There are 2 protein chains.
Amino acid sequence: MTSENDSAPEEKPDDLARHATKMAKKKAARDKIMAGKSGEKGLIIVHTGSGKGKSSSGFGMILRCIAHEMPCAVVQFIKGAWDTGERRLLTTHFGDLCQFYAMGEGFTWETQDRERDVAAAKAGWEKAKELIRNPEIRMVLLDEINIALRYDYLDRDEVLAFLRDEKPEMTHVVLTGRNAAPELIELADLVTEMGQIKHPFRSGIKGQAGVEF
Amino acid sequence: MTSENDSAPEEKPDDLARHATKMAKKKAARDKIMAGKSGEKGLIIVHTGSGKGKSSSGFGMILRCIAHEMPCAVVQFIKGAWDTGERRLLTTHFGDLCQFYAMGEGFTWETQDRERDVAAAKAGWEKAKELIRNPEIRMVLLDEINIALRYDYLDRDEVLAFLRDEKPEMTHVVLTGRNAAPELIELADLVTEMGQIKHPFRSGIKGQAGVEF
């Protein structure tokens with residue numbers, strides 16, 4: 001709404017006027033919608049689907065928290081071979097604001113040892129509960145917990161009951177990993193499915209620094 | 001493959017043995033797939049769809065680059081009112097590795113001034129080309145450029161031709177925003193569609209620090 005509207009509306013070509021009118025309507029509609037959204041609460045957030053971006057956008061939210069100086073924490077349930085970038089960045093630069101725990105022993109097909117996987121997942125969940133119960137921690141990212149749930153390394157009902165009944169009201173909990181349980185999606189406030197449209201692995205390109213790890 | 005296999009395989013229950021066998025097969029299949037992926041190249045990466053996580057996972061990739069000390073850059077084409085966390089974090093902590101340019105003037109329905117939007121988008125694109133042409137910069141995130149393309153603030157053919165013909169081979173370019181052009185999806189190496197399954201705005205919850213900004 002700059003110069004044209006303030007000083008010389010008559011000089012504005014028709015298409016610009018139409019654009020301004022259309023956008024003004026859009027803004028009014030949007031402002032009305034947003035005005036109804038006064039609530040704040042800690043959200044249960046799920047990133048699932050077979051595409052990329054589930055963990056990296058969880059990590060992006062953790063870094064938004066850090067930018068706002070909100071204490072936060074990450075528990076990695078299934079530690080891949082290559083996800084070292086995030087850990088290094090968080091522990092090197094932001095250890096005062098963000099706690100980081102890598103509990104998994106590698107993707108489960110790397111270990112081939114169910115008992116060890118279960119023990120690691122259970123230890124991760126105990127740590128997760130401790131972090132979530134601490135009301136000073138504003139966001140807890142449970143990275144790849146959906147895989148641990150999918151393989152029954154954790155008791156799904158217990159996890160759901162804890163999130164429903166014991167999560168402090170203002171704490172955000174982010175759960176990532178493909179194949180999120182329908183019951184978790186039902187409980188969650190914000191669910192995004194990352195769908196794979198195209199992936200360079202199919203063209204013989206390997207995982208690369210910055211993109212995959 | 002810890003204690004059971006080393007010392008007492010005969011004591012392992014059937015289900016654990018089955019799990020180990022199944023996972024060993026999965027690992028062999030996966031290793032075979034990954035062994036074929038020796039290539040490295042700069043990728044054209046698109047995050048689109050109506051769900052959350054398009055920008056935050058782009059931001060997450062930028063931070064992976066920073067963790068690997070890979071110089072990188074962000075150009076924000078449509079600067080929302082609330083995406084200040086990323087900028088603050090990047091400029092405060094990582095200004096030596098990551099350049100950050102916020103070119104947009106707010107979402108277009110906030111400005112209602114097409115000429116100003118077009119000028120801002122064009123300035124952003126000039127900066128983007130300069131950054132992409134610099135081979136020392138390993139990743140350039142063009143945040144919300146799909147919106148600028150969708151509104152014809154930029155010439156789509158020019159953008160596509162530049163990415164195809166002038167992008168240095170090893171540079172990753174990440175383009176985010178809903179409604180990615182089919183021609184861009186065709187050109188891209190890695191495309192993820194973030195689908196909205198559930199959104200708390202529908203329950204009267206407003207955008208919150210750490211989650212949306």
# chains A, B, ... in the order shown; residues from 1 in each chain; ligands from 1

call {"tool": "residues_around", "arguments": {"residues": "Asp165 in chain A", "least_positions_apart": "6", "cutoff": "12 Å", "atoms": "only C-alpha atoms", "output": "PyMOL selection string"}}
result
chain A and resi 129+132-133+157-159+187

call {"tool": "residues_around", "arguments": {"residues": "Glu136 in chain A", "least_positions_apart": "3", "cutoff": "9 Å", "atoms": "only C-alpha atoms", "output": "list in words"}}
result
Met70, Pro71, Cys72, Arg133 and Thr171 of chain A

call {"tool": "interface_residues", "arguments": {"of": "chain A", "to": "chain B", "cutoff": "7 Å", "atoms": "only C-alpha atoms", "output": "short mmCIF file (atom, residue, chain, number, x, y, z; two decimals) with N, CA and C atoms, in the first residue's frame"}}
result
data_model
loop_
_atom_site.label_atom_id
_atom_site.label_comp_id
_atom_site.auth_asym_id
_atom_site.auth_seq_id
_atom_site.Cartn_x
_atom_site.Cartn_y
_atom_site.Cartn_z
N MET A 1 0.84 -1.20 0.00
CA MET A 1 0.00 0.00 0.00
C MET A 1 0.88 1.25 0.00
N LEU A 16 -2.84 -3.45 -11.99
CA LEU A 16 -2.27 -3.24 -10.66
C LEU A 16 -3.37 -2.98 -9.64
N HIS A 19 -4.91 -6.21 -8.81
CA HIS A 19 -4.02 -6.96 -7.92
C HIS A 19 -4.14 -6.45 -6.48
N ALA A 20 -4.11 -5.13 -6.35
CA ALA A 20 -4.18 -4.55 -5.00
C ALA A 20 -5.50 -4.91 -4.32
N MET A 23 -5.50 -8.61 -3.38
CA MET A 23 -4.62 -8.88 -2.25
C MET A 23 -5.18 -8.27 -0.96
N ALA A 24 -5.86 -7.13 -1.09
CA ALA A 24 -6.47 -6.52 0.10
C ALA A 24 -7.55 -7.45 0.66
N LYS A 26 -7.60 -10.68 0.26
CA LYS A 26 -6.90 -11.84 0.80
C LYS A 26 -6.36 -11.52 2.19
N LYS A 27 -5.82 -10.31 2.33
CA LYS A 27 -5.27 -9.91 3.63
C LYS A 27 -6.38 -9.82 4.68
N MET A 34 -6.61 -15.21 11.35
CA MET A 34 -5.56 -15.21 12.34
C MET A 34 -6.03 -14.58 13.66
N GLY A 36 -8.73 -15.03 15.11
CA GLY A 36 -9.39 -16.06 15.91
C GLY A 36 -8.42 -17.00 16.58
N LYS A 37 -7.14 -16.89 16.24
CA LYS A 37 -6.15 -17.82 16.75
C LYS A 37 -5.34 -17.16 17.84
N SER A 38 -5.91 -17.13 19.01
CA SER A 38 -5.22 -16.46 20.10
C SER A 38 -4.57 -17.46 21.03
N GLY A 39 -4.91 -18.73 20.86
CA GLY A 39 -4.43 -19.72 21.80
C GLY A 39 -2.96 -20.03 21.63
N GLU A 40 -2.31 -20.40 22.73
CA GLU A 40 -0.97 -20.97 22.67
C GLU A 40 -1.03 -22.25 23.46
N GLY A 51 9.21 -39.37 2.33
CA GLY A 51 10.09 -38.38 1.71
C GLY A 51 11.11 -37.82 2.68
N LYS A 52 11.93 -36.94 2.16
CA LYS A 52 12.95 -36.30 2.97
C LYS A 52 12.36 -35.16 3.79
N GLY A 53 13.14 -34.70 4.79
CA GLY A 53 12.75 -33.50 5.49
C GLY A 53 12.09 -33.73 6.84
N SER A 56 15.13 -33.18 9.25
CA SER A 56 15.76 -31.87 9.07
C SER A 56 14.80 -30.75 9.43
N SER A 57 13.50 -30.93 9.22
CA SER A 57 12.62 -29.84 9.65
C SER A 57 12.40 -29.88 11.16
N PHE A 59 14.84 -30.64 13.20
CA PHE A 59 16.07 -29.94 13.55
C PHE A 59 15.92 -28.43 13.31
N GLY A 60 15.28 -28.05 12.21
CA GLY A 60 15.02 -26.64 11.94
C GLY A 60 14.18 -26.00 13.05
N MET A 61 13.20 -26.73 13.57
CA MET A 61 12.38 -26.18 14.66
C MET A 61 13.19 -26.05 15.95
N ILE A 62 14.05 -27.05 16.20
CA ILE A 62 14.93 -26.94 17.38
C ILE A 62 15.79 -25.68 17.27
N ARG A 64 15.04 -22.97 15.61
CA ARG A 64 14.17 -21.82 15.87
C ARG A 64 14.03 -21.59 17.37
N CYS A 65 13.85 -22.66 18.12
CA CYS A 65 13.78 -22.52 19.59
C CYS A 65 15.05 -21.89 20.13
N ALA A 67 17.08 -19.99 18.59
CA ALA A 67 17.11 -18.57 18.20
C ALA A 67 16.28 -17.73 19.16
N HIS A 68 15.21 -18.32 19.71
CA HIS A 68 14.36 -17.62 20.67
C HIS A 68 14.80 -17.86 22.11
N GLY A 85 26.20 -34.14 11.51
CA GLY A 85 26.24 -32.69 11.38
C GLY A 85 25.42 -32.00 12.44
N GLU A 86 24.18 -32.46 12.60
CA GLU A 86 23.30 -31.84 13.58
C GLU A 86 23.89 -31.90 14.99
N ARG A 88 26.96 -32.30 15.96
CA ARG A 88 28.15 -31.47 16.13
C ARG A 88 27.75 -30.01 16.31
N LEU A 89 26.84 -29.56 15.46
CA LEU A 89 26.43 -28.15 15.52
C LEU A 89 25.78 -27.83 16.87
N TRP A 109 18.60 -52.38 10.76
CA TRP A 109 19.17 -53.37 9.85
C TRP A 109 20.69 -53.37 9.90
N GLU A 110 21.27 -52.34 10.56
CA GLU A 110 22.73 -52.36 10.75
C GLU A 110 23.11 -53.26 11.92
N THR A 111 22.27 -53.33 12.91
CA THR A 111 22.67 -54.04 14.13
C THR A 111 22.24 -55.50 14.12
N GLN A 112 21.08 -55.79 13.57
CA GLN A 112 20.58 -57.17 13.53
C GLN A 112 20.50 -57.79 14.92
N ASP A 113 20.30 -56.96 15.90
CA ASP A 113 20.27 -57.46 17.26
C ASP A 113 19.09 -56.79 17.96
N ARG A 114 17.99 -57.49 17.99
CA ARG A 114 16.78 -56.88 18.50
C ARG A 114 16.88 -56.49 19.97
N ASP A 189 -1.40 -32.67 17.26
CA ASP A 189 -2.01 -31.40 16.87
C ASP A 189 -1.61 -30.98 15.46
N LEU A 190 -0.44 -31.37 15.04
CA LEU A 190 0.13 -30.90 13.77
C LEU A 190 0.85 -32.08 13.12
N VAL A 191 0.37 -32.49 11.99
CA VAL A 191 0.93 -33.66 11.32
C VAL A 191 1.27 -33.30 9.88
N THR A 192 2.48 -33.57 9.49
CA THR A 192 2.89 -33.35 8.10
C THR A 192 3.42 -34.65 7.53
N GLU A 193 2.99 -34.95 6.34
CA GLU A 193 3.49 -36.13 5.65
C GLU A 193 4.44 -35.69 4.55
N MET A 194 5.70 -36.08 4.66
CA MET A 194 6.68 -35.75 3.63
C MET A 194 6.61 -36.85 2.56
N GLY A 195 6.15 -36.48 1.39
CA GLY A 195 6.00 -37.45 0.31
C GLY A 195 7.16 -37.36 -0.66
N GLN A 196 7.68 -38.51 -1.05
CA GLN A 196 8.80 -38.51 -1.98
C GLN A 196 8.28 -38.44 -3.42
N ILE A 197 8.66 -37.38 -4.09
CA ILE A 197 8.26 -37.22 -5.49
C ILE A 197 9.41 -37.69 -6.39
N LYS A 198 10.62 -37.39 -5.97
CA LYS A 198 11.80 -37.69 -6.79
C LYS A 198 12.99 -37.81 -5.84
N HIS A 199 13.84 -38.78 -6.07
CA HIS A 199 14.98 -38.95 -5.18
C HIS A 199 16.23 -39.29 -5.97
N PRO A 200 17.35 -38.59 -5.70
CA PRO A 200 18.54 -38.80 -6.53
C PRO A 200 19.20 -40.15 -6.33
N PHE A 201 18.91 -40.87 -5.22
CA PHE A 201 19.48 -42.22 -5.07
C PHE A 201 19.13 -43.07 -6.29
N GLY A 204 21.72 -43.00 -8.96
CA GLY A 204 23.09 -43.39 -8.62
C GLY A 204 23.86 -42.35 -7.83
N ILE A 205 23.16 -41.37 -7.28
CA ILE A 205 23.83 -40.35 -6.48
C ILE A 205 23.79 -40.79 -5.02
N LYS A 206 24.93 -40.73 -4.36
CA LYS A 206 24.97 -41.16 -2.96
C LYS A 206 24.56 -40.03 -2.00
N GLN A 208 24.90 -37.09 0.47
CA GLN A 208 25.94 -36.07 0.44
C GLN A 208 25.86 -35.14 1.65
N ALA A 209 27.04 -34.65 2.05
CA ALA A 209 27.11 -33.72 3.18
C ALA A 209 26.24 -32.51 2.92
N GLY A 210 25.55 -32.07 3.94
CA GLY A 210 24.69 -30.90 3.80
C GLY A 210 23.28 -31.28 3.40
N VAL A 211 23.15 -32.30 2.58
CA VAL A 211 21.82 -32.73 2.14
C VAL A 211 21.29 -33.82 3.05
N PHE A 213 23.27 -35.50 5.55
CA PHE A 213 23.88 -35.62 6.89
C PHE A 213 24.67 -34.38 7.25
#

call {"tool": "atom_distance", "arguments": {"atom1": "CA of Leu141 in chain B", "atom2": "CA of Gly124 in chain B"}}
result
11.6 Å

call {"tool": "select_by_dssp", "arguments": {"residues": "range 1-184 of chain B", "states": "strand (DSSP E)", "output": "ChimeraX atom specification"}}
result
/B:44-48,72-76,98-102,139-143,172-176
